[in-house]
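Note: the block below is input18.txt and it holds compact mmCIF, C-alpha atoms.
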```txt
# COMPACT_ATOMS: atom_id res chain seq x y z
CA MET N 12 261.25 188.48 12.89
CA ARG N 13 264.23 188.82 10.55
CA ALA N 14 265.37 191.84 8.50
CA TRP N 15 268.07 192.30 5.87
CA ARG N 16 269.23 194.76 3.26
CA GLU N 17 268.53 193.41 -0.22
CA THR N 18 270.59 196.03 -2.08
CA ALA N 19 274.27 196.85 -1.76
CA SER N 20 275.45 199.89 0.16
CA GLY N 21 276.76 202.79 -1.85
CA PRO N 22 275.52 205.37 -4.32
CA GLY N 23 272.01 204.81 -5.56
CA GLY N 24 268.53 206.16 -5.30
CA VAL N 25 266.63 203.19 -3.89
CA ALA N 26 267.34 200.60 -1.21
CA LEU N 27 265.38 197.42 -0.57
CA ILE N 28 264.94 196.04 2.93
CA GLY N 29 263.47 192.57 3.42
CA LEU N 30 261.40 191.71 6.47
CA SER N 31 259.93 188.33 7.35
CA GLY N 32 258.74 186.11 10.14
CA SER N 33 256.41 186.24 13.06
CA GLY N 34 255.78 189.84 14.04
CA ALA N 35 256.64 191.43 10.68
CA ALA N 36 253.03 192.32 9.84
CA ARG N 37 252.38 193.52 13.39
CA TRP N 38 255.44 195.82 13.31
CA LEU N 39 254.39 197.26 9.95
CA GLU N 40 250.80 197.79 11.15
CA GLN N 41 252.26 200.03 13.86
CA ARG N 42 254.83 201.84 11.68
CA PHE N 43 253.43 202.03 8.13
CA SER N 44 250.74 204.58 7.21
CA PRO N 45 249.33 203.93 3.71
CA ALA N 46 248.91 206.99 1.47
CA ARG N 47 245.41 205.75 0.63
CA ALA N 48 242.98 204.71 3.32
CA GLY N 49 243.32 201.07 4.24
CA SER N 50 245.74 198.71 5.86
CA LEU N 51 248.78 196.73 4.77
CA PRO N 52 248.74 195.43 1.19
CA GLY N 53 247.68 191.83 0.62
CA PRO N 54 250.08 189.19 -0.73
CA GLY N 55 251.27 190.10 -4.23
CA ARG N 56 250.28 193.75 -3.74
CA VAL N 57 252.20 197.01 -3.18
CA ALA N 58 251.26 200.17 -1.28
CA LEU N 59 252.80 203.63 -1.02
CA GLY N 60 252.98 205.15 2.41
CA ALA N 61 255.00 206.68 5.22
CA LEU N 62 257.19 204.69 7.58
CA SER N 63 257.69 206.09 11.06
CA GLY N 64 259.92 205.23 13.97
CA ARG N 65 259.50 205.81 17.67
CA ASP N 66 260.81 209.36 17.26
CA GLY N 67 258.90 210.35 14.14
CA PRO N 68 258.92 209.96 10.35
CA LEU N 69 261.63 207.83 8.71
CA ASP N 70 260.83 207.87 4.97
CA GLU N 71 258.20 207.57 2.28
CA VAL N 72 258.30 203.95 1.13
CA LEU N 73 256.77 201.40 -1.17
CA LEU N 74 255.73 198.31 0.76
CA ALA N 75 255.42 195.02 -1.14
CA ARG N 76 253.88 191.99 0.52
CA GLU N 77 255.25 188.76 -0.92
CA ALA N 78 253.51 186.42 1.56
CA PRO N 79 251.51 186.81 4.79
CA GLU N 80 254.68 187.41 6.86
CA ARG N 81 257.20 188.43 4.17
CA PHE N 82 257.62 192.04 3.00
CA VAL N 83 260.02 194.23 1.03
CA LEU N 84 260.38 197.94 1.84
CA SER N 85 261.62 200.17 -0.97
CA CYS N 86 263.07 203.34 0.55
CA HIS N 87 265.57 206.09 -0.26
CA ALA N 88 269.10 204.66 -0.36
CA GLY N 89 270.87 207.17 1.88
CA GLU N 90 272.76 205.42 4.66
CA GLY N 91 270.99 207.58 7.25
CA VAL N 92 267.56 206.42 6.10
CA VAL N 93 268.50 202.75 5.71
CA GLY N 94 270.37 202.76 9.01
CA ALA N 95 267.44 204.36 10.84
CA ILE N 96 264.99 201.79 9.46
CA LEU N 97 267.26 198.85 10.32
CA SER N 98 267.84 200.30 13.82
CA GLU N 99 264.08 200.56 14.38
CA LEU N 100 263.65 196.96 13.27
CA GLU N 101 266.46 195.80 15.54
CA ARG N 102 264.96 197.69 18.50
CA ALA N 103 261.69 195.88 17.81
CA GLY N 104 263.48 192.55 18.13
CA ALA N 105 264.32 191.79 14.51
CA GLU N 106 267.41 189.71 13.84
CA LEU N 107 269.48 191.54 11.21
CA SER N 108 270.94 189.06 8.75
CA ALA N 109 272.27 188.51 5.25
CA PRO N 110 269.82 188.47 2.34
CA ALA N 111 267.82 185.26 2.13
CA ALA N 112 269.57 184.37 -1.15
CA LEU N 113 272.86 184.05 0.74
CA GLU N 114 271.36 181.36 2.95
CA HIS N 115 270.74 179.03 0.02
CA PRO N 116 270.58 175.34 1.03
CA GLU N 117 273.43 174.53 -1.38
CA GLY N 118 275.71 177.07 0.28
CA ARG N 119 276.68 180.72 0.23
CA VAL N 120 278.44 180.63 -3.15
CA VAL N 121 275.33 179.26 -4.88
CA GLY N 122 273.18 181.86 -3.14
CA GLU N 123 275.48 184.69 -4.19
CA ALA N 124 275.58 183.44 -7.80
CA LEU N 125 271.79 183.28 -7.95
CA GLU N 126 271.58 186.78 -6.49
CA LEU N 127 273.90 188.10 -9.23
CA LEU N 128 272.15 186.27 -12.09
CA PRO N 129 269.56 189.01 -12.85
CA ARG N 130 272.39 191.50 -13.38
CA ALA N 131 274.37 189.32 -15.80
CA THR N 132 274.96 191.25 -19.03
CA SER N 133 275.76 188.37 -21.38
CA GLU N 134 274.99 184.71 -22.00
CA GLN N 135 278.55 183.84 -20.99
CA ALA N 136 278.10 185.61 -17.64
CA CYS N 137 274.89 183.63 -17.06
CA GLN N 138 276.71 180.38 -17.82
CA VAL N 139 279.46 181.23 -15.34
CA LEU N 140 276.92 181.98 -12.61
CA LEU N 141 274.93 178.84 -13.29
```

Using C-alpha cells, write down the structure from this file.
Amino acid sequence: MRAWRETASGPGGVALIGLSGSGAARWLEQRFSPARAGSLPGPGRVALGALSGRDGPLDEVLLAREAPERFVLSCHAGEGVVGAILSELERAGAELSAPAALEHPEGRVVGEALELLPRATSEQACQVLL
C-alpha cells in the first residue's frame, strides 16, 4: 500500500490524500464509516463519511474510488488532520511517497509540469509546461 499527499501544504480548506495498492481497500473498510448505509464506493463513485484512527475519529471526509485499489481522500487541510491521517496510514504499513504524477516515466520534471498544467492561467503558461 502506498499513500501520498496530492495537495501542497499550507493555507487552504481541503487536502487530498492518495492511497493505492494491495491493502488500500481493506484499510478503508476498517477505518471509513459511510454517512449512508453501505460500504466503500465503487470505482468512479464518491461517498461522504467519517474516517477514524486507532484512537478515535480523525475527520469527516469524501472518499473517491478511482479503481479497485486506488482511492483519494478529501479531508480538512489542517496539518494536524493531514498528519494524523498519514501517520495512521504509515502505522498500517503504507509507504509514504511523492504524488504519482512525480513518478512519471519520462522523469520528475515532466511529472511536475503535468501536475501544474491544470492550474495554468494562460495559453503561454500551458505551452511552457508542455

Task: Exercise: residues within 10 Å of coordinate (259.5, 200.5, -0.5), counting only C-alpha atoms, as a list in words - done: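 Here the neighbourhood of the point contains Val25, Ala26, Leu27, Ile28, Gly29, Val57, Ala58, Leu59, Gly60, Ala61, Leu62, Asp70, Glu71, Val72, Leu73, Leu74, Ala75, Phe82, Val83, Leu84, Ser85, Cys86 and His87 of chain N.
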
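When all atoms listed in the file are used to measure the gap to Trp38 (chain N), the shortest distance among N:Ala19, N:Glu77, N:Glu99, N:Gly53 belongs to N:Glu99.
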
- [ ] Write out as a ChimeraX atom specification which residues come within 12 Å of region 31-33 of chain N when counting only C-alpha atoms, dropping same-chain ones fewer than 2 positions away.
- [x] /N:12-15,28-29,35-39,75-84,100,103-108,110-111

- [ ] Report the distance between CA of Leu69 (chain N) and CA of Phe43 (chain N) in Å, rounded to one decimal place.
- [x] 10.1 Å
